[in-house]
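The structure under discussion appears below in the form of structure tokens.
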Amino acid sequence: MPDFDTVILRGTVVGPTGEYPMDLGIADGIIQAIEKDLSGQANHEILAEGCFVIPGIIDSHVHINEPGNTDWEGFETGSKAAAAGGTTCIIDMPINSLPTTINAEAFHKKKEHGENNCLVDFALWGGLVPDNIGQLESLWELGVIGFKAFMSNSGIKKFPCVDTTSLKKGMKAIAKLEGMVLALHAEDDALTAKLSKQYIQSGNTNYTDFLNSRPIEAELIAIKTAIELSGETGCPIHIVHVSCAEGIDLITEAKQNKVDITAETCPHYLCLTTEALDQWGAIAKCAPPLRNPFAVEALWEKFRKGEIDTLGSDHSPCLDVMKKGEDFFKAWCGISGIQHLATISYSLIREKTNWSLLDISKLLSTHPAERFQLPRKGKLEVGMDADLCVANFKGRNSISSEGLYYKNKHSPYVGLHFPFQAKETLVRGRSVFADGTIQNNGRGKFIRFRI
Ligand SMILES: [Zn+2]
């Protein structure tokens, strides 16, 4: 009997302490050996000469719309795109499917769809909405990795935002559920609603008006409230898609004051500016919105200082038609980015900082695995799941619409070039993407919180 199912030979392994020329042996979906000149027989060999072997990306912020809105995005198409980009585990947000993942029944439906259709591993966020506080404990028992709430209008009727009272109640309840984190979309509803109404009522509905309706100030008000309530209730929080340096400052200060808080940003806030809206229109519409070049540079400064904990794609897909029309306020709010989280992050961070690949892998793999307690995931070490990506940094690989695997093929990244290229992606040792082709063999597994 062979010693390994798969060996990856002659690559540079990005392990827990650095980058080393090593071979890596896999059996039963687990990393069994990381050694120089690994001996032993294997069923399958991957030659990784000139490539890096990096931990599989954990995209802790994706919106898969299945069940219910699968024509926007499904587990199958979304996870193929993930696999093509080196992502081995996605964590799905509770908002965009029907039903929304706010109770046990909805959780079971979501999980079943994922188990049937998701190519990579997946975990689930549960939702916190004003009237489901009684459901949180059962969602926790079922294995969600945390909860998500909106502090401003989510755009989805079945997922209303929380006000300060319901947020505080929810936080009190979540604080009692061991290990749970509350992820927050932090923009102040009162301010964004007031400004949006003013612009819409006066007939000013182009993208500049939209940008002006969602100022940095709205983020700061909400982040301050979240920090205050977290301090009061002891509920750990994770502020998703922070778009501005000032927001990171508040979070860093809260960390110093012992608040259990982490910050996520997304590739689009690091890679694109408001200029993308001029080029792409609503395809580049998201909330919080893209910021001006000075704000983006300021966010990079925070990034370089290590003040951001995780990177997620915030893949928020929709039908192509929902990105069209004269009224910018009516267009769907969200950027489709599941396929390019690693491509953009590894390429740009390498270019704009002196970080090692190990440093970068922490934001994309290790930190999400630790913060959301995904067992055996997040780093390349003997005994961990063999979730990895064989990648190189060669040339300038162009992003094209034809190369997109997700359902509705729009992207504000089309035409951009990046050196990072995923050559092969393995989920627990199973190849899901190799040499430009999806390997449609088998399905991912539901990853339960902690166990
Ligand atoms: Zn999101």
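Letters for chains follow the order of the structure tokens (A, B, ...), residue numbers begin at 1 for each chain, and ligand numbers begin at 1 in the order shown.
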
Could you please extract the residues within 8 Å of ligand 1, counting only C-alpha atoms and all ligand atoms, and hand them back as a count of residues only?
11

Could you tell me, as a VMD selection string, which residues of segment 293-449 of chain A DSSP assigns to alpha helix (DSSP H) when given the backbone?
chain A and resid 293 to 304 341 to 352 357 to 361 367 to 371

Please save N, CA and C atoms of the selected residues as a CSV table (one decimal), in the first residue's frame.
chain,number,residue,atom,x,y,z
A,293,PRO,N,-8.9,58.0,-3.6
A,293,PRO,CA,-7.5,57.4,-3.6
A,293,PRO,C,-6.7,57.8,-2.3
A,294,PHE,N,-7.0,58.9,-1.7
A,294,PHE,CA,-6.3,59.3,-0.4
A,294,PHE,C,-6.8,58.4,0.7
A,295,ALA,N,-8.1,58.1,0.7
A,295,ALA,CA,-8.6,57.2,1.8
A,295,ALA,C,-8.0,55.8,1.6
A,296,VAL,N,-7.9,55.4,0.4
A,296,VAL,CA,-7.4,54.0,0.1
A,296,VAL,C,-6.0,53.9,0.6
A,297,GLU,N,-5.2,55.0,0.3
A,297,GLU,CA,-3.8,55.0,0.7
A,297,GLU,C,-3.7,55.0,2.3
A,298,ALA,N,-4.6,55.7,2.9
A,298,ALA,CA,-4.6,55.7,4.4
A,298,ALA,C,-5.0,54.3,4.9
A,299,LEU,N,-5.9,53.6,4.2
A,299,LEU,CA,-6.2,52.3,4.7
A,299,LEU,C,-5.0,51.4,4.5
A,300,TRP,N,-4.2,51.5,3.5
A,300,TRP,CA,-3.0,50.7,3.3
A,300,TRP,C,-2.0,51.0,4.4
A,301,GLU,N,-2.0,52.2,4.9
A,301,GLU,CA,-1.1,52.5,6.0
A,301,GLU,C,-1.4,51.7,7.2
A,302,LYS,N,-2.7,51.6,7.5
A,302,LYS,CA,-3.2,50.8,8.6
A,302,LYS,C,-2.9,49.3,8.4
A,303,PHE,N,-3.0,48.9,7.1
A,303,PHE,CA,-2.8,47.5,6.7
A,303,PHE,C,-1.3,47.2,7.0
A,304,ARG,N,-0.4,48.0,6.6
A,304,ARG,CA,1.0,47.8,6.8
A,304,ARG,C,1.4,47.6,8.2
A,341,LEU,N,-10.0,36.7,-4.4
A,341,LEU,CA,-9.5,37.1,-3.0
A,341,LEU,C,-8.0,36.9,-2.9
A,342,ALA,N,-7.5,35.7,-3.2
A,342,ALA,CA,-6.1,35.4,-3.1
A,342,ALA,C,-5.3,36.1,-4.2
A,343,THR,N,-5.8,36.1,-5.4
A,343,THR,CA,-5.1,36.7,-6.5
A,343,THR,C,-4.8,38.2,-6.2
A,344,ILE,N,-5.8,38.9,-5.8
A,344,ILE,CA,-5.5,40.4,-5.5
A,344,ILE,C,-4.7,40.5,-4.2
A,345,SER,N,-5.1,39.8,-3.2
A,345,SER,CA,-4.5,40.0,-1.9
A,345,SER,C,-3.0,39.7,-1.9
A,346,TYR,N,-2.7,38.5,-2.4
A,346,TYR,CA,-1.3,38.0,-2.4
A,346,TYR,C,-0.5,39.0,-3.3
A,347,SER,N,-1.0,39.3,-4.5
A,347,SER,CA,-0.3,40.1,-5.5
A,347,SER,C,0.0,41.5,-4.9
A,348,LEU,N,-1.1,42.2,-4.4
A,348,LEU,CA,-0.9,43.6,-4.0
A,348,LEU,C,-0.1,43.7,-2.7
A,349,ILE,N,-0.4,42.8,-1.8
A,349,ILE,CA,0.3,43.0,-0.5
A,349,ILE,C,1.8,42.7,-0.7
A,350,ARG,N,2.1,41.8,-1.6
A,350,ARG,CA,3.5,41.5,-1.9
A,350,ARG,C,4.2,42.7,-2.5
A,351,GLU,N,3.4,43.4,-3.3
A,351,GLU,CA,3.9,44.6,-4.1
A,351,GLU,C,4.1,45.8,-3.2
A,352,LYS,N,3.1,46.0,-2.3
A,352,LYS,CA,3.0,47.2,-1.5
A,352,LYS,C,3.5,47.2,-0.1
A,357,LEU,N,5.1,35.7,2.6
A,357,LEU,CA,3.9,35.0,2.2
A,357,LEU,C,3.2,34.5,3.4
A,358,LEU,N,4.0,34.1,4.4
A,358,LEU,CA,3.5,33.6,5.7
A,358,LEU,C,2.6,34.7,6.3
A,359,ASP,N,3.1,35.9,6.4
A,359,ASP,CA,2.4,37.1,6.9
A,359,ASP,C,1.0,37.2,6.2
A,360,ILE,N,1.1,37.1,4.9
A,360,ILE,CA,-0.1,37.3,4.1
A,360,ILE,C,-1.1,36.2,4.4
A,361,SER,N,-0.6,35.0,4.5
A,361,SER,CA,-1.4,33.8,4.7
A,361,SER,C,-2.2,33.9,6.0
A,367,HIS,N,-5.8,33.5,10.5
A,367,HIS,CA,-6.7,34.3,11.4
A,367,HIS,C,-8.2,33.9,11.2
A,368,PRO,N,-8.7,33.7,10.0
A,368,PRO,CA,-10.1,33.3,10.0
A,368,PRO,C,-10.3,32.0,10.7
A,369,ALA,N,-9.4,31.0,10.5
A,369,ALA,CA,-9.5,29.7,11.1
A,369,ALA,C,-9.5,29.8,12.7
A,370,GLU,N,-8.7,30.7,13.2
A,370,GLU,CA,-8.6,30.9,14.6
A,370,GLU,C,-9.8,31.7,15.2
A,371,ARG,N,-10.1,32.8,14.5
A,371,ARG,CA,-11.2,33.7,15.0
A,371,ARG,C,-12.5,32.9,15.0

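Our summary of the geometry notes that atom CA of Lys423 of chain A is positioned 27.5 Å from atom CA of Ala284 of chain A.
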
Can you pull out the residues contacting Ile156 of chain A? Cut-off 10 Å, using only C-alpha atoms, and skip same-chain residues under 6 positions away; I want them as an MDAnalysis selection string.
chainID A and resid 95:97 100

Could you check how far atom CA of Leu98 of chain A sits from atom CA of Gly68 of chain A, in Å to one decimal?
4.4 Å

Running DSSP on the backbone, which parts of segment 92-314 of chain A land in strand (DSSP E or B), as a VMD selection string?
chain A and resid 92 121 to 124 126 to 127 147 to 150 182 to 185 237 to 239 261 to 265 310 to 311

Output N, CA and C atoms of each residue in that selection to a file, as a PDB file, in the first residue's frame.
ATOM      1  N   ASP A  92     -20.461  31.208   4.660  1.00  0.00           N
ATOM      2  CA  ASP A  92     -21.584  31.854   3.986  1.00  0.00           C
ATOM      3  C   ASP A  92     -22.383  32.741   4.935  1.00  0.00           C
ATOM      4  N   ASP A 121     -15.016  23.111   1.061  1.00  0.00           N
ATOM      5  CA  ASP A 121     -15.645  23.035   2.379  1.00  0.00           C
ATOM      6  C   ASP A 121     -16.379  24.341   2.677  1.00  0.00           C
ATOM      7  N   PHE A 122     -17.364  24.249   3.555  1.00  0.00           N
ATOM      8  CA  PHE A 122     -18.116  25.468   3.870  1.00  0.00           C
ATOM      9  C   PHE A 122     -18.551  25.465   5.327  1.00  0.00           C
ATOM     10  N   ALA A 123     -18.660  26.667   5.860  1.00  0.00           N
ATOM     11  CA  ALA A 123     -19.214  26.859   7.202  1.00  0.00           C
ATOM     12  C   ALA A 123     -20.300  27.923   7.077  1.00  0.00           C
ATOM     13  N   LEU A 124     -21.085  28.084   8.123  1.00  0.00           N
ATOM     14  CA  LEU A 124     -22.226  29.002   8.029  1.00  0.00           C
ATOM     15  C   LEU A 124     -22.242  30.027   9.158  1.00  0.00           C
ATOM     16  N   GLY A 126     -24.839  32.380  11.257  1.00  0.00           N
ATOM     17  CA  GLY A 126     -26.264  32.533  11.547  1.00  0.00           C
ATOM     18  C   GLY A 126     -26.586  34.017  11.531  1.00  0.00           C
ATOM     19  N   GLY A 127     -27.865  34.350  11.376  1.00  0.00           N
ATOM     20  CA  GLY A 127     -28.252  35.760  11.347  1.00  0.00           C
ATOM     21  C   GLY A 127     -28.764  36.225  12.698  1.00  0.00           C
ATOM     22  N   PHE A 147     -22.433  34.938  14.340  1.00  0.00           N
ATOM     23  CA  PHE A 147     -23.665  35.574  13.867  1.00  0.00           C
ATOM     24  C   PHE A 147     -23.330  36.851  13.119  1.00  0.00           C
ATOM     25  N   LYS A 148     -24.272  37.241  12.260  1.00  0.00           N
ATOM     26  CA  LYS A 148     -24.080  38.469  11.486  1.00  0.00           C
ATOM     27  C   LYS A 148     -25.300  39.350  11.658  1.00  0.00           C
ATOM     28  N   ALA A 149     -25.068  40.634  11.859  1.00  0.00           N
ATOM     29  CA  ALA A 149     -26.182  41.582  11.914  1.00  0.00           C
ATOM     30  C   ALA A 149     -25.827  42.821  11.109  1.00  0.00           C
ATOM     31  N   PHE A 150     -26.853  43.519  10.675  1.00  0.00           N
ATOM     32  CA  PHE A 150     -26.692  44.777   9.949  1.00  0.00           C
ATOM     33  C   PHE A 150     -27.082  45.938  10.852  1.00  0.00           C
ATOM     34  N   LEU A 182     -19.905  38.091  16.924  1.00  0.00           N
ATOM     35  CA  LEU A 182     -20.929  38.774  16.134  1.00  0.00           C
ATOM     36  C   LEU A 182     -20.247  39.629  15.062  1.00  0.00           C
ATOM     37  N   ALA A 183     -20.515  39.301  13.801  1.00  0.00           N
ATOM     38  CA  ALA A 183     -19.991  40.107  12.695  1.00  0.00           C
ATOM     39  C   ALA A 183     -20.983  41.225  12.406  1.00  0.00           C
ATOM     40  N   LEU A 184     -20.463  42.419  12.225  1.00  0.00           N
ATOM     41  CA  LEU A 184     -21.361  43.558  12.031  1.00  0.00           C
ATOM     42  C   LEU A 184     -21.064  44.313  10.748  1.00  0.00           C
ATOM     43  N   HIS A 185     -22.140  44.549   9.996  1.00  0.00           N
ATOM     44  CA  HIS A 185     -22.072  45.542   8.927  1.00  0.00           C
ATOM     45  C   HIS A 185     -22.282  46.869   9.633  1.00  0.00           C
ATOM     46  N   ILE A 237     -16.835  40.914  18.866  1.00  0.00           N
ATOM     47  CA  ILE A 237     -17.353  41.417  17.586  1.00  0.00           C
ATOM     48  C   ILE A 237     -16.266  41.420  16.504  1.00  0.00           C
ATOM     49  N   HIS A 238     -16.749  41.360  15.285  1.00  0.00           N
ATOM     50  CA  HIS A 238     -15.885  41.339  14.098  1.00  0.00           C
ATOM     51  C   HIS A 238     -16.509  42.343  13.130  1.00  0.00           C
ATOM     52  N   ILE A 239     -15.821  43.457  12.901  1.00  0.00           N
ATOM     53  CA  ILE A 239     -16.390  44.475  12.010  1.00  0.00           C
ATOM     54  C   ILE A 239     -15.989  44.114  10.581  1.00  0.00           C
ATOM     55  N   ILE A 261     -12.380  42.413  19.743  1.00  0.00           N
ATOM     56  CA  ILE A 261     -12.828  42.929  18.443  1.00  0.00           C
ATOM     57  C   ILE A 261     -11.780  42.637  17.373  1.00  0.00           C
ATOM     58  N   THR A 262     -12.248  42.305  16.179  1.00  0.00           N
ATOM     59  CA  THR A 262     -11.346  42.135  15.034  1.00  0.00           C
ATOM     60  C   THR A 262     -11.915  42.909  13.845  1.00  0.00           C
ATOM     61  N   ALA A 263     -11.025  43.167  12.880  1.00  0.00           N
ATOM     62  CA  ALA A 263     -11.422  43.961  11.712  1.00  0.00           C
ATOM     63  C   ALA A 263     -11.143  43.196  10.430  1.00  0.00           C
ATOM     64  N   GLU A 264     -12.116  43.265   9.536  1.00  0.00           N
ATOM     65  CA  GLU A 264     -11.941  42.709   8.186  1.00  0.00           C
ATOM     66  C   GLU A 264     -11.946  43.860   7.186  1.00  0.00           C
ATOM     67  N   THR A 265     -11.121  43.740   6.150  1.00  0.00           N
ATOM     68  CA  THR A 265     -11.367  44.561   4.974  1.00  0.00           C
ATOM     69  C   THR A 265     -11.383  43.637   3.763  1.00  0.00           C
ATOM     70  N   THR A 310      -8.413  40.203   9.186  1.00  0.00           N
ATOM     71  CA  THR A 310      -8.777  39.234   8.146  1.00  0.00           C
ATOM     72  C   THR A 310      -9.131  39.951   6.847  1.00  0.00           C
ATOM     73  N   LEU A 311      -8.999  39.198   5.761  1.00  0.00           N
ATOM     74  CA  LEU A 311      -9.440  39.675   4.455  1.00  0.00           C
ATOM     75  C   LEU A 311     -10.525  38.728   3.956  1.00  0.00           C
TER      76      LEU A 311
END

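Using only C-alpha atoms, the contacts of Thr225 of chain A at a cut-off of 10 Å, with sequence neighbours closer than 6 positions omitted, comprise Met151, Thr164, Leu167, Lys168, Ala186, Asp188 and Gly231 of chain A.
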
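Shortest separation to Asp385 of chain A among A:Glu19, A:Glu45, A:Asp278, A:Asp28 occurs at residue A:Asp28, atoms counted being only C-alpha atoms.
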
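Each of A:Asn441, A:Asn117, A:Ser365, A:Gln201 was checked against Pro16 of chain A using only C-alpha atoms; the smallest atom-to-atom distance is that of A:Ser365.
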
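Counting only C-alpha atoms and comparing A:Phe328, A:Trp355, A:Tyr207, A:Trp125, the residue that lies closest to Leu277 of chain A is A:Tyr207.
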
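With only C-alpha atoms as the atoms that count, the residue of A:Ile447, A:Leu220, A:Met1, A:Ile335 with the shortest distance to Asp189 of chain A is A:Leu220.
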
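Near Asn408 of chain A, within 8 Å and counting only C-alpha atoms, sit Trp72, Glu73, Pro317, Cys318, Leu319 and Asp320 of chain A, not including residues fewer than 6 positions from it in the same chain.
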
Could those residues be written to a file, using C-alpha atoms, as a CSV table (one decimal), in the first residue's frame?
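The result, written out as result-v8.csv:
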chain,number,residue,atom,x,y,z
A,72,TRP,CA,-28.0,35.1,-8.4
A,73,GLU,CA,-25.4,32.6,-7.1
A,317,PRO,CA,-23.5,38.5,-6.4
A,318,CYS,CA,-26.7,39.4,-8.3
A,319,LEU,CA,-28.3,39.1,-11.7
A,320,ASP,CA,-26.5,41.2,-14.4

Nearest residue to Phe75 of chain A out of A:Asp309, A:Lys407, A:Val144, A:Gln41, using only C-alpha atoms?
A:Lys407

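You will find atom CA of Asp5 of chain A at 9.8 Å from atom CA of Ile30 of chain A.
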
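Restricting the calculation to only C-alpha atoms, the smallest distance between Asn392 of chain A and any of A:Pro419, A:Gly179, A:Gly40, A:Pro55 is found for A:Pro419.
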